[in-house]
>>> print(open('my_file.csv').read())   # CSV, C-alpha atoms and all ligand atoms
chain,number,residue,atom,x,y,z
A,908,MET,CA,35.6,-38.5,-11.2
A,909,SER,CA,39.1,-37.0,-11.7
A,910,GLU,CA,40.9,-35.2,-8.9
A,911,ALA,CA,41.1,-32.1,-11.0
A,912,PHE,CA,37.4,-32.0,-11.6
A,913,LYS,CA,36.6,-32.7,-8.0
A,914,SER,CA,38.8,-29.8,-6.7
A,915,THR,CA,37.3,-27.3,-9.2
A,916,SER,CA,33.7,-28.3,-8.3
A,917,VAL,CA,34.4,-28.0,-4.6
A,918,GLU,CA,36.0,-24.6,-5.2
A,919,ASP,CA,33.0,-23.5,-7.3
A,920,ALA,CA,30.6,-24.8,-4.6
A,921,THR,CA,32.5,-22.9,-1.9
A,922,LYS,CA,32.5,-19.7,-4.0
A,923,LYS,CA,28.8,-20.1,-4.6
A,924,ARG,CA,28.1,-20.4,-0.9
A,925,LEU,CA,29.9,-17.1,-0.2
A,926,VAL,CA,27.4,-15.3,-2.5
A,927,PRO,CA,24.6,-14.0,-0.3
A,928,ALA,CA,21.1,-15.3,-1.1
A,929,VAL,CA,19.7,-11.8,-0.7
A,930,GLU,CA,21.6,-8.5,-0.5
A,931,PHE,CA,20.3,-4.9,-0.1
A,932,ARG,CA,22.8,-2.1,-0.8
A,933,ASN,CA,21.8,1.4,0.3
A,934,VAL,CA,18.2,0.9,-0.7
A,935,HIS,CA,15.7,3.8,-0.4
A,936,PHE,CA,12.0,3.5,-1.1
A,937,ALA,CA,9.0,5.8,-0.9
A,938,TYR,CA,5.3,5.2,-1.7
A,939,GLU,CA,4.9,8.4,-3.8
A,940,GLU,CA,5.5,11.1,-1.2
A,941,LYS,CA,5.7,8.8,1.8
A,942,LYS,CA,9.3,7.8,2.4
A,943,VAL,CA,9.4,4.3,4.1
A,944,LEU,CA,13.0,3.0,3.7
A,945,TYR,CA,16.2,5.0,4.2
A,946,ASP,CA,19.6,3.6,3.2
A,947,ILE,CA,18.8,-0.1,4.0
A,948,SER,CA,21.8,-2.5,3.6
A,949,PHE,CA,21.9,-6.1,4.8
A,950,LYS,CA,22.8,-9.6,3.6
A,951,VAL,CA,21.2,-13.0,4.0
A,952,ALA,CA,23.7,-15.7,3.8
A,953,ARG,CA,22.9,-19.1,2.3
A,954,GLY,CA,21.2,-21.4,4.8
A,955,GLU,CA,20.6,-18.5,7.1
A,956,ILE,CA,17.4,-17.2,8.7
A,957,LYS,CA,17.3,-13.4,8.9
A,958,ILE,CA,14.6,-12.2,11.3
A,959,VAL,CA,13.3,-8.8,10.4
A,960,LEU,CA,11.8,-7.0,13.4
A,961,SER,CA,10.0,-3.6,13.6
A,962,GLY,CA,6.9,-2.1,14.9
A,963,SER,CA,3.8,-2.0,12.7
A,964,GLY,CA,4.3,0.1,9.6
A,965,GLY,CA,8.1,-0.2,10.0
A,966,GLY,CA,8.6,-1.3,6.4
A,967,LYS,CA,8.9,-5.0,6.8
A,968,SER,CA,6.4,-6.1,4.1
A,969,THR,CA,7.8,-3.4,1.8
A,970,ILE,CA,11.3,-5.1,2.0
A,971,LEU,CA,9.7,-8.4,1.0
A,972,LYS,CA,7.9,-6.8,-2.0
A,973,LEU,CA,11.2,-5.3,-3.1
A,974,ILE,CA,12.8,-8.7,-3.0
A,975,LEU,CA,10.0,-10.1,-5.2
A,976,GLY,CA,10.4,-7.2,-7.6
A,977,LEU,CA,6.8,-6.1,-7.0
A,978,LEU,CA,8.2,-2.7,-6.0
A,979,LYS,CA,11.4,-1.1,-7.3
A,980,PRO,CA,13.8,0.9,-5.1
A,981,ASP,CA,14.2,4.7,-5.7
A,982,LYS,CA,17.9,4.4,-5.0
A,983,GLY,CA,20.3,1.5,-4.2
A,984,GLN,CA,20.7,-2.0,-5.4
A,985,ILE,CA,19.1,-5.4,-4.6
A,986,PHE,CA,20.8,-8.8,-5.4
A,987,ILE,CA,19.3,-12.3,-5.4
A,988,ASP,CA,21.9,-15.1,-5.5
A,989,GLY,CA,24.5,-12.5,-6.7
A,990,GLU,CA,22.3,-11.3,-9.6
A,991,GLU,CA,21.2,-7.7,-9.6
A,992,ILE,CA,17.4,-7.4,-9.8
A,993,THR,CA,17.2,-3.6,-9.4
A,994,GLU,CA,16.4,-2.8,-13.0
A,995,MET,CA,15.3,-6.2,-14.1
A,996,ASP,CA,12.4,-6.4,-16.6
A,997,GLU,CA,9.3,-8.5,-15.8
A,998,THR,CA,10.4,-11.6,-17.9
A,999,ASP,CA,13.8,-12.0,-16.1
A,1000,MET,CA,12.1,-11.1,-12.8
A,1001,GLN,CA,9.8,-14.0,-13.3
A,1002,HIS,CA,12.8,-16.4,-13.4
A,1003,VAL,CA,14.1,-15.0,-10.2
A,1004,ARG,CA,10.7,-15.3,-8.5
A,1005,ASP,CA,10.7,-19.0,-9.4
A,1006,LYS,CA,13.5,-19.4,-6.9
A,1007,ILE,CA,11.6,-17.7,-4.1
A,1008,GLY,CA,8.8,-19.0,-2.0
A,1009,MET,CA,6.5,-16.4,-0.3
A,1010,VAL,CA,4.2,-16.9,2.6
A,1011,PHE,CA,2.0,-13.8,2.5
A,1012,GLN,CA,0.9,-11.9,5.6
A,1013,GLU,CA,-2.8,-12.7,4.8
A,1014,GLY,CA,-2.5,-16.4,4.0
A,1015,ALA,CA,-4.0,-15.8,0.5
A,1016,LEU,CA,-5.5,-19.3,0.0
A,1017,PHE,CA,-8.2,-19.9,-2.5
A,1018,ASP,CA,-11.3,-20.4,-0.4
A,1019,SER,CA,-13.2,-22.5,-3.0
A,1020,LEU,CA,-10.3,-24.9,-3.6
A,1021,PRO,CA,-9.5,-27.9,-1.4
A,1022,VAL,CA,-6.1,-28.0,0.3
A,1023,TYR,CA,-4.7,-30.3,-2.4
A,1024,ASP,CA,-5.5,-27.9,-5.2
A,1025,ASN,CA,-4.3,-24.9,-3.3
A,1026,VAL,CA,-0.9,-26.5,-2.9
A,1027,ALA,CA,-0.9,-27.9,-6.5
A,1028,TYR,CA,-2.0,-24.6,-8.0
A,1029,ARG,CA,1.4,-23.6,-9.6
A,1030,LEU,CA,2.1,-27.2,-10.7
A,1031,HIS,CA,-1.3,-27.4,-12.4
A,1032,GLU,CA,-0.5,-24.0,-14.1
A,1033,GLN,CA,2.7,-25.5,-15.4
A,1034,GLY,CA,0.8,-28.4,-16.8
A,1035,LEU,CA,2.8,-31.1,-14.9
A,1036,PRO,CA,1.4,-34.7,-15.2
A,1037,GLU,CA,-1.1,-35.3,-12.4
A,1038,ASP,CA,1.0,-38.2,-11.0
A,1039,ASP,CA,4.0,-35.9,-10.5
A,1040,VAL,CA,1.8,-33.2,-9.0
A,1041,LYS,CA,0.4,-35.8,-6.5
A,1042,ARG,CA,3.8,-36.9,-5.5
A,1043,GLU,CA,5.0,-33.4,-4.8
A,1044,VAL,CA,1.9,-32.2,-3.1
A,1045,ARG,CA,1.9,-35.3,-0.8
A,1046,LEU,CA,5.5,-34.7,0.1
A,1047,LEU,CA,4.9,-31.0,0.9
A,1048,LEU,CA,1.7,-31.7,3.0
A,1049,ARG,CA,3.6,-34.4,4.9
A,1050,PHE,CA,6.4,-31.8,5.6
A,1051,VAL,CA,3.8,-29.4,7.2
A,1052,GLY,CA,1.9,-32.3,8.8
A,1053,LEU,CA,-1.3,-32.0,6.9
A,1054,GLU,CA,-1.4,-35.0,4.6
A,1055,LYS,CA,-4.8,-36.1,6.1
A,1056,GLU,CA,-6.4,-32.7,5.4
A,1057,MET,CA,-5.8,-32.8,1.7
A,1058,ASP,CA,-9.5,-32.9,0.7
A,1059,LYS,CA,-10.7,-30.2,3.1
A,1060,LEU,CA,-11.5,-26.7,2.2
A,1061,PRO,CA,-9.5,-23.9,3.9
A,1062,ASN,CA,-12.5,-22.8,6.0
A,1063,GLU,CA,-12.7,-26.3,7.6
A,1064,LEU,CA,-9.2,-25.8,9.0
A,1065,SER,CA,-7.9,-23.8,12.0
A,1066,GLY,CA,-5.9,-20.6,11.4
A,1067,GLY,CA,-2.6,-22.4,12.2
A,1068,MET,CA,-3.4,-25.2,9.7
A,1069,GLN,CA,-4.3,-22.6,7.0
A,1070,LYS,CA,-0.9,-21.0,7.6
A,1071,ARG,CA,0.8,-24.4,7.2
A,1072,VAL,CA,-1.1,-24.9,3.9
A,1073,SER,CA,0.3,-21.5,2.8
A,1074,ILE,CA,3.8,-22.7,3.7
A,1075,ALA,CA,3.4,-25.9,1.8
A,1076,ARG,CA,2.2,-23.9,-1.2
A,1077,ALA,CA,5.2,-21.6,-0.9
A,1078,LEU,CA,7.6,-24.6,-1.0
A,1079,VAL,CA,6.3,-25.9,-4.4
A,1080,GLY,CA,9.3,-26.2,-6.8
A,1081,ASP,CA,11.8,-26.5,-3.9
A,1082,PRO,CA,12.7,-22.8,-3.6
A,1083,LYS,CA,16.1,-22.1,-1.9
A,1084,ILE,CA,14.8,-18.7,-0.7
A,1085,VAL,CA,11.6,-18.4,1.4
A,1086,LEU,CA,10.1,-15.2,2.6
A,1087,PHE,CA,7.7,-15.4,5.6
A,1088,ASP,CA,5.6,-12.3,6.3
A,1089,GLU,CA,4.4,-12.6,9.9
A,1090,PRO,CA,3.6,-16.3,9.7
A,1091,THR,CA,2.6,-16.6,13.3
A,1092,ALA,CA,0.4,-13.4,13.7
A,1093,SER,CA,-2.8,-14.1,15.6
A,1094,LEU,CA,-1.9,-17.7,16.4
A,1095,ASP,CA,-1.7,-19.1,19.9
A,1096,PRO,CA,1.8,-19.8,21.3
A,1097,PRO,CA,1.8,-23.6,20.7
A,1098,THR,CA,0.5,-23.2,17.1
A,1099,ALA,CA,3.0,-20.5,16.5
A,1100,ALA,CA,5.7,-22.9,17.7
A,1101,THR,CA,4.7,-25.4,15.1
A,1102,ILE,CA,5.2,-22.8,12.4
A,1103,CYS,CA,8.6,-21.8,13.8
A,1104,GLU,CA,9.5,-25.5,13.8
A,1105,LEU,CA,8.9,-25.6,10.1
A,1106,VAL,CA,11.1,-22.5,9.5
A,1107,VAL,CA,13.9,-24.2,11.6
A,1108,LYS,CA,13.6,-27.5,9.7
A,1109,LEU,CA,13.9,-25.6,6.4
A,1110,ARG,CA,17.1,-23.9,7.7
A,1111,ASP,CA,18.7,-27.0,9.2
A,1112,LEU,CA,17.6,-29.8,6.8
A,1113,GLU,CA,16.9,-28.1,3.5
A,1114,ASP,CA,19.6,-25.4,3.5
A,1115,VAL,CA,17.0,-22.8,2.7
A,1116,SER,CA,17.8,-19.1,3.2
A,1117,SER,CA,14.8,-17.3,4.7
A,1118,ILE,CA,13.6,-14.0,5.8
A,1119,LEU,CA,11.2,-14.1,8.7
A,1120,VAL,CA,9.3,-11.0,9.3
A,1121,THR,CA,7.7,-10.7,12.8
A,1122,HIS,CA,7.2,-8.4,15.7
A,1123,GLU,CA,6.9,-11.1,18.2
A,1124,MET,CA,9.8,-11.8,20.6
A,1125,ASP,CA,8.6,-15.3,21.3
A,1126,VAL,CA,9.3,-16.1,17.7
A,1127,VAL,CA,12.8,-14.7,17.9
A,1128,LYS,CA,13.5,-16.7,21.0
A,1129,TYR,CA,12.3,-19.9,19.4
A,1130,VAL,CA,14.1,-19.6,16.1
A,1131,THR,CA,17.4,-18.6,17.7
A,1132,THR,CA,17.4,-21.4,20.2
A,1133,ALA,CA,15.8,-24.4,18.4
A,1134,TYR,CA,17.5,-26.7,15.9
A,1135,ALA,CA,16.4,-29.7,13.9
A,1136,VAL,CA,18.3,-33.0,14.0
A,1137,VAL,CA,17.8,-36.2,12.0
A,1138,GLY,CA,17.8,-39.4,14.2
A,1139,GLU,CA,19.3,-42.8,13.3
A,1140,LYS,CA,16.1,-43.9,11.7
A,1141,GLY,CA,15.7,-40.8,9.6
A,1142,ASP,CA,13.2,-39.3,12.1
A,1143,VAL,CA,13.4,-35.6,12.5
A,1144,THR,CA,13.2,-33.9,15.9
A,1145,VAL,CA,13.4,-30.2,16.7
A,1146,LYS,CA,15.2,-29.6,20.0
A,1147,GLU,CA,15.0,-26.4,22.0
A,1148,GLU,CA,18.0,-25.3,24.0
A,1149,GLY,CA,16.6,-23.9,27.3
A,1150,ASP,CA,19.3,-21.3,27.6
A,1151,ARG,CA,20.7,-19.2,24.8
A,1152,LEU,CA,22.3,-21.1,22.0
A,1153,CYS,CA,24.5,-19.1,19.8
A,1154,LEU,CA,23.2,-20.2,16.4
A,1155,THR,CA,25.5,-18.7,13.8
A,1156,ASN,CA,23.0,-19.2,11.0
A,1157,THR,CA,20.3,-17.0,12.4
A,1158,SER,CA,20.6,-13.2,12.7
A,1159,ILE,CA,18.3,-10.3,13.4
A,1160,LEU,CA,17.7,-7.1,11.5
A,1161,MET,CA,15.8,-4.4,13.4
A,1162,LEU,CA,14.2,-1.4,11.7
A,1163,ARG,CA,12.9,1.8,13.2
A,1164,ASP,CA,11.3,4.6,11.2
A,1165,GLY,CA,12.6,2.9,8.0
A,1166,ARG,CA,16.2,2.7,9.1
A,1167,VAL,CA,18.3,-0.2,10.3
A,1168,ILE,CA,19.0,0.2,14.0
A,1169,PHE,CA,20.4,-3.2,14.6
A,1170,ASP,CA,21.9,-6.1,12.6
A,1171,GLY,CA,23.4,-9.0,14.5
A,1172,THR,CA,22.8,-12.0,16.7
A,1173,GLU,CA,20.1,-12.5,19.3
A,1174,GLU,CA,22.9,-12.5,22.0
A,1175,GLU,CA,24.0,-9.1,20.8
A,1176,LEU,CA,20.4,-7.8,20.6
A,1177,VAL,CA,19.6,-8.5,24.2
A,1178,LYS,CA,22.8,-6.7,25.2
A,1179,ALA,CA,22.1,-3.6,23.0
A,1180,GLU,CA,21.9,-0.4,25.0
A,1181,ASP,CA,19.4,1.4,22.7
A,1182,PRO,CA,16.4,2.1,25.0
A,1183,TYR,CA,14.0,1.5,22.0
A,1184,ILE,CA,15.5,-2.0,21.5
A,1185,GLN,CA,15.2,-2.8,25.2
A,1186,GLU,CA,11.6,-1.7,25.2
A,1187,PHE,CA,10.9,-3.8,22.2
A,1188,ILE,CA,12.5,-6.8,23.7
A,1189,ARG,CA,10.5,-6.4,26.9
A,1190,GLY,CA,7.3,-6.2,24.9
A,1191,THR,CA,6.4,-2.7,25.9
A,1192,GLU,CA,6.8,-1.5,22.3
A,1193,VAL,CA,3.7,0.4,21.6
A,1194,GLU,CA,3.5,0.6,17.8
A,1195,ALA,CA,3.5,-3.1,17.5
A,1196,GLY,CA,0.1,-3.2,19.1
A,1197,ASN,CA,0.7,-6.6,20.6
A,1198,ASN,CA,2.0,-6.2,24.1
A,1199,GLU,CA,-0.1,-8.3,26.4
A,1200,GLU,CA,2.9,-10.1,27.8
A,1201,GLY,CA,6.4,-9.3,28.9
A,1202,ALA,CA,5.5,-5.8,30.1
A,1203,ALA,CA,7.0,-5.3,33.6
B,1301,LIG,N1,0.6,0.8,-1.1
B,1301,LIG,C1,0.9,1.7,-0.2
B,1301,LIG,N2,0.8,3.0,-0.5
B,1301,LIG,C2,1.1,3.9,0.4
B,1301,LIG,N3,1.7,3.7,1.6
B,1301,LIG,C3,1.9,2.4,1.9
B,1301,LIG,C4,1.5,1.3,1.0
B,1301,LIG,N4,1.9,0.1,1.6
B,1301,LIG,C5,2.4,0.4,2.8
B,1301,LIG,N5,2.4,1.8,3.0
B,1301,LIG,C6,3.0,2.5,4.2
B,1301,LIG,O1,4.3,2.2,4.3
B,1301,LIG,C7,4.7,2.0,5.6
B,1301,LIG,C8,5.4,0.6,5.7
B,1301,LIG,O2,4.5,-0.4,5.4
B,1301,LIG,P1,4.8,-1.9,5.5
B,1301,LIG,O3,3.5,-2.6,5.1
B,1301,LIG,O4,6.0,-2.2,4.8
B,1301,LIG,O5,5.0,-2.1,7.1
B,1301,LIG,P2,5.1,-3.4,8.0
B,1301,LIG,O6,6.4,-3.2,8.8
B,1301,LIG,O7,5.0,-4.6,7.2
B,1301,LIG,O8,3.9,-3.2,9.0
B,1301,LIG,P3,3.0,-4.4,9.7
B,1301,LIG,O9,3.8,-4.9,10.9
B,1301,LIG,O10,1.8,-3.6,10.2
B,1301,LIG,O11,2.7,-5.4,8.7
B,1301,LIG,C9,3.5,2.1,6.4
B,1301,LIG,O12,3.5,3.4,7.0
B,1301,LIG,C10,2.4,1.9,5.5
B,1301,LIG,O13,1.3,2.7,5.8
B,1302,MG,MG,3.6,-6.1,7.1
>>> encode(input="my_file.csv", output="structure tokens")
Amino acid sequence: MSEAFKSTSVEDATKKRLVPAVEFRNVHFAYEEKKVLYDISFKVARGEIKIVLSGSGGGKSTILKLILGLLKPDKGQIFIDGEEITEMDETDMQHVRDKIGMVFQEGALFDSLPVYDNVAYRLHEQGLPEDDVKREVRLLLRFVGLEKEMDKLPNELSGGMQKRVSIARALVGDPKIVLFDEPTASLDPPTAATICELVVKLRDLEDVSSILVTHEMDVVKYVTTAYAVVGEKGDVTVKEEGDRLCLTNTSILMLRDGRVIFDGTEEELVKAEDPYIQEFIRGTEVEAGNNEEGAA
């Protein structure tokens, strides 16, 4: 490879990294008369996890649907990998969606299909040879730790396992952007931690940009303090820093009544003076409907 070529490609690669994976510019959205989002702007950098926090009905799932182009903003612009999708037609939008993996709030697995076919669904649709499908599905199920459950039906699995199947399915085709809508809702803390571990592994090992929607502070704590490392033998471990670790590739966006009230690091969030944020952090946030712990 010539020196000249090398420097150009390095420059290109650097430029590419500077383009956010997702960007909202002054986005407004209403469901008919019901205004849900007001002037939302934020960026998700490459390889970054953006945690989106709000109480129930705060507009989190709506933001994800706008990214997938399932809804269109009333005002403002949305960019995916630097490409504007605001006015994009369905054909072009389909190409953009191919770059995005989505883990829906309600798992959305096919009950009558075994785990293998659930994960393989898109690959079968694309008509890929079965040997290639098998290879990819095995790899994905190994990533989420469910290789042995391949032949089971979803209802033979626990809720946490079903969530992991949804994650494996969202990772088909190696998407560089993954959207998680409340992936830990109604899971017990250790199971929720295994899901968070997967999100961290995608960030640290696969350079995936993700948006993680949640209203659980335990999830925020985990994702902002844990990191994945590869050992000498290629083994992967996720380590948790007991105290606060300032991970530069994880940030938090907080919404209230459809407006951004915070965008920054976890360290900044805990220091924020806004009483609403402080209540939310302490778990006394009422709208979220999940405040069994942390209330003083
Ligand atoms: N299809 C729809 N038609 C009308 N209103 C809707 C529709 N979908 C959502 N809404 C309303 O828009 C607001 C935002 O909803 P959204 O689902 O984005 O909130 P959320 O933050 O994801 O909530 P949750 O934490 O409960 O999942 C809510 O008040 C909701 O009732
Ligand atoms: Mg939602």
>>> residues_near_ligand(input="my_file.csv", ligand="ligand MG 1302 (chain B)", cutoff="8 Å", atoms="all atoms listed in the file", output="list of chain:residue names")
A:Ser963, A:Gly964, A:Gly965, A:Gly966, A:Lys967, A:Ser968, A:Thr969, A:Gln1012, A:Asp1088, A:Glu1089, A:Val1120
>>> residues_near_ligand(input="my_file.csv", ligand="ligand LIG 1301 (chain B)", cutoff="10 Å", atoms="all atoms listed in the file", output="PyMOL selection string")
chain A and resi 936-944+959-973+978+1012-1013+1088-1089+1092+1120-1122+1162-1165+1194-1196
>>> axis_aligned_box(input="my_file.csv", around="range 1007-1026 of chain A", padding_each_side="5 Å", output="AutoDock Vina command-line options")
--center_x -0.8 --center_y -21.1 --center_z 0.2 --size_x 34.8 --size_y 28.4 --size_z 20.8
>>> closest_residue(input="my_file.csv", among="A:Glu955, A:Glu1148, A:Asp1018, A:Asp1081", to="Lys1059 in chain A", atoms="all atoms listed in the file")
A:Asp1018
>>> closest_residue(input="my_file.csv", among="A:Pro1096, A:Glu1037, A:Arg1071, A:Pro1061", to="Arg1049 in chain A", atoms="all atoms listed in the file")
A:Arg1071
>>> residues_around(input="my_file.csv", residues="Met1124 in chain A", least_positions_apart="6", cutoff="10 Å", atoms="all atoms listed in the file", output="PDB file with C-alpha atoms, keeping the file's coordinate frame")
ATOM      1  CA  LEU A 960      11.800  -7.000  13.400  1.00  0.00           C
ATOM      2  CA  VAL A1130      14.100 -19.600  16.100  1.00  0.00           C
ATOM      3  CA  PHE A1187      10.900  -3.800  22.200  1.00  0.00           C
ATOM      4  CA  ILE A1188      12.500  -6.800  23.700  1.00  0.00           C
ATOM      5  CA  ARG A1189      10.500  -6.400  26.900  1.00  0.00           C
ATOM      6  CA  GLY A1190       7.300  -6.200  24.900  1.00  0.00           C
ATOM      7  CA  GLY A1201       6.400  -9.300  28.900  1.00  0.00           C
TER       8      GLY A1201
END
>>> residues_around(input="my_file.csv", residues="Ile1007 in chain A", least_positions_apart="6", cutoff="10 Å", atoms="only C-alpha atoms", output="ChimeraX atom specification")
/A:974-975,987,1077-1086,1116-1117
>>> write_last_selection(input="my_file.csv", atoms="C-alpha atoms", output="mmCIF file, keeping the file's coordinate frame")
data_model
loop_
_atom_site.group_PDB
_atom_site.id
_atom_site.type_symbol
_atom_site.label_atom_id
_atom_site.label_comp_id
_atom_site.auth_asym_id
_atom_site.auth_seq_id
_atom_site.Cartn_x
_atom_site.Cartn_y
_atom_site.Cartn_z
ATOM 1 C CA ILE A 974 12.800 -8.700 -3.000
ATOM 2 C CA LEU A 975 10.000 -10.100 -5.200
ATOM 3 C CA ILE A 987 19.300 -12.300 -5.400
ATOM 4 C CA ALA A 1077 5.200 -21.600 -0.900
ATOM 5 C CA LEU A 1078 7.600 -24.600 -1.000
ATOM 6 C CA VAL A 1079 6.300 -25.900 -4.400
ATOM 7 C CA GLY A 1080 9.300 -26.200 -6.800
ATOM 8 C CA ASP A 1081 11.800 -26.500 -3.900
ATOM 9 C CA PRO A 1082 12.700 -22.800 -3.600
ATOM 10 C CA LYS A 1083 16.100 -22.100 -1.900
ATOM 11 C CA ILE A 1084 14.800 -18.700 -0.700
ATOM 12 C CA VAL A 1085 11.600 -18.400 1.400
ATOM 13 C CA LEU A 1086 10.100 -15.200 2.600
ATOM 14 C CA SER A 1116 17.800 -19.100 3.200
ATOM 15 C CA SER A 1117 14.800 -17.300 4.700
#
>>> closest_residue(input="my_file.csv", among="A:Glu1063, A:Ser1158, A:Val1127, A:Ile958", to="Pro1021 in chain A", atoms="all atoms listed in the file")
A:Glu1063
>>> atom_distance(input="my_file.csv", atom1="CA of Phe986 in chain A", atom2="CA of Glu930 in chain A")
5.0 Å
>>> atom_distance(input="my_file.csv", atom1="CA of Phe949 in chain A", atom2="CA of Leu1160 in chain A")
8.0 Å
>>> residues_near_point(input="my_file.csv", point="(-2.3, -28.2, 7.1)", cutoff="7 Å", atoms="all atoms listed in the file", output="PyMOL selection string")
chain A and resi 1048+1051-1053+1056+1068-1069+1071-1072
>>> atom_distance(input="my_file.csv", atom1="CA of Ala1099 in chain A", atom2="CA of Asp1111 in chain A")
18.5 Å
>>> closest_residue(input="my_file.csv", among="A:Phe1011, A:Tyr1129, A:Phe1087, A:Tyr1134", to="Arg1110 in chain A", atoms="only C-alpha atoms")
A:Tyr1134
>>> residues_around(input="my_file.csv", residues="Lys922 in chain A", least_positions_apart="4", cutoff="12 Å", atoms="all atoms listed in the file", output="ChimeraX atom specification")
/A:915-918,926-927,953,988-989
>>> write_last_selection(input="my_file.csv", atoms="C-alpha atoms", output="short mmCIF file (atom, residue, chain, number, x, y, z; two decimals), in the frame of the given file")
data_model
loop_
_atom_site.label_atom_id
_atom_site.label_comp_id
_atom_site.auth_asym_id
_atom_site.auth_seq_id
_atom_site.Cartn_x
_atom_site.Cartn_y
_atom_site.Cartn_z
CA THR A 915 37.30 -27.30 -9.20
CA SER A 916 33.70 -28.30 -8.30
CA VAL A 917 34.40 -28.00 -4.60
CA GLU A 918 36.00 -24.60 -5.20
CA VAL A 926 27.40 -15.30 -2.50
CA PRO A 927 24.60 -14.00 -0.30
CA ARG A 953 22.90 -19.10 2.30
CA ASP A 988 21.90 -15.10 -5.50
CA GLY A 989 24.50 -12.50 -6.70
#
>>> residues_around(input="my_file.csv", residues="Asp946 in chain A", least_positions_apart="6", cutoff="10 Å", atoms="all atoms listed in the file", output="compact mmCIF listing (two decimals) with C-alpha atoms, in the coordinates of the input")
# COMPACT_ATOMS: atom_id res chain seq x y z
CA PHE A 931 20.30 -4.90 -0.10
CA ARG A 932 22.80 -2.10 -0.80
CA ASN A 933 21.80 1.40 0.30
CA VAL A 934 18.20 0.90 -0.70
CA HIS A 935 15.70 3.80 -0.40
CA PHE A 936 12.00 3.50 -1.10
CA LYS A 982 17.90 4.40 -5.00
CA GLY A 983 20.30 1.50 -4.20
CA GLY A 1165 12.60 2.90 8.00
CA ARG A 1166 16.20 2.70 9.10
CA VAL A 1167 18.30 -0.20 10.30
>>> closest_residue(input="my_file.csv", among="A:Leu1047, A:Leu1112, A:Leu1094, A:Ile1184", to="Arg1076 in chain A", atoms="all atoms listed in the file")
A:Leu1047
>>> residues_around(input="my_file.csv", residues="Glu1104 in chain A", least_positions_apart="2", cutoff="10 Å", atoms="all atoms listed in the file", output="NGL selection string")
:A and (1051 or 1098-1102 or 1106-1110 or 1129-1130 or 1133-1135 or 1144-1147)
>>> residues_near_point(input="my_file.csv", point="(20.2, -10.5, 20.9)", cutoff="10 Å", atoms="only C-alpha atoms", output="list in words")
Val1127, Lys1128, Thr1131, Arg1151, Cys1153, Ser1158, Ile1159, Phe1169, Asp1170, Gly1171, Thr1172, Glu1173, Glu1174, Glu1175, Leu1176, Val1177, Lys1178, Ala1179, Ile1184 and Ile1188 of chain A
>>> closest_residue(input="my_file.csv", among="A:Ile1168, A:Ile1118, A:Leu1046, A:Val929", to="Pro1182 in chain A", atoms="all atoms listed in the file")
A:Ile1168
>>> decode(input="my_file.csv", residues="range 941-953 of chain A", atoms="N, CA and C atoms", output="JSON list (two decimals), in the first residue's frame")
[["chain", "number", "residue", "atom", "x", "y", "z"],
["A", 941, "LYS", "N", -51.94, 15.66, 19.76],
["A", 941, "LYS", "CA", -51.14, 15.50, 20.97],
["A", 941, "LYS", "C", -49.66, 15.73, 20.72],
["A", 942, "LYS", "N", -49.15, 16.88, 21.18],
["A", 942, "LYS", "CA", -47.75, 17.21, 20.97],
["A", 942, "LYS", "C", -46.89, 16.41, 21.95],
["A", 943, "VAL", "N", -45.91, 15.66, 21.43],
["A", 943, "VAL", "CA", -45.09, 14.81, 22.31],
["A", 943, "VAL", "C", -43.63, 15.25, 22.40],
["A", 944, "LEU", "N", -43.08, 15.77, 21.31],
["A", 944, "LEU", "CA", -41.68, 16.19, 21.33],
["A", 944, "LEU", "C", -41.56, 17.65, 20.91],
["A", 945, "TYR", "N", -40.80, 18.43, 21.69],
["A", 945, "TYR", "CA", -40.60, 19.84, 21.41],
["A", 945, "TYR", "C", -39.11, 20.12, 21.21],
["A", 946, "ASP", "N", -38.73, 20.51, 20.03],
["A", 946, "ASP", "CA", -37.40, 21.04, 19.79],
["A", 946, "ASP", "C", -36.28, 20.13, 20.32],
["A", 947, "ILE", "N", -36.33, 18.86, 19.93],
["A", 947, "ILE", "CA", -35.34, 17.89, 20.42],
["A", 947, "ILE", "C", -34.10, 17.91, 19.53],
["A", 948, "SER", "N", -32.93, 18.17, 20.14],
["A", 948, "SER", "CA", -31.65, 18.09, 19.43],
["A", 948, "SER", "C", -30.69, 17.24, 20.25],
["A", 949, "PHE", "N", -30.02, 16.32, 19.59],
["A", 949, "PHE", "CA", -28.95, 15.55, 20.25],
["A", 949, "PHE", "C", -28.17, 14.81, 19.19],
["A", 950, "LYS", "N", -26.98, 14.33, 19.58],
["A", 950, "LYS", "CA", -26.13, 13.54, 18.68],
["A", 950, "LYS", "C", -25.70, 12.27, 19.39],
["A", 951, "VAL", "N", -25.62, 11.19, 18.63],
["A", 951, "VAL", "CA", -25.02, 9.96, 19.15],
["A", 951, "VAL", "C", -23.76, 9.73, 18.33],
["A", 952, "ALA", "N", -22.60, 9.78, 18.99],
["A", 952, "ALA", "CA", -21.34, 9.60, 18.28],
["A", 952, "ALA", "C", -21.13, 8.13, 17.94],
["A", 953, "ARG", "N", -20.21, 7.85, 17.06],
["A", 953, "ARG", "CA", -19.89, 6.47, 16.72],
["A", 953, "ARG", "C", -19.30, 5.75, 17.92]]
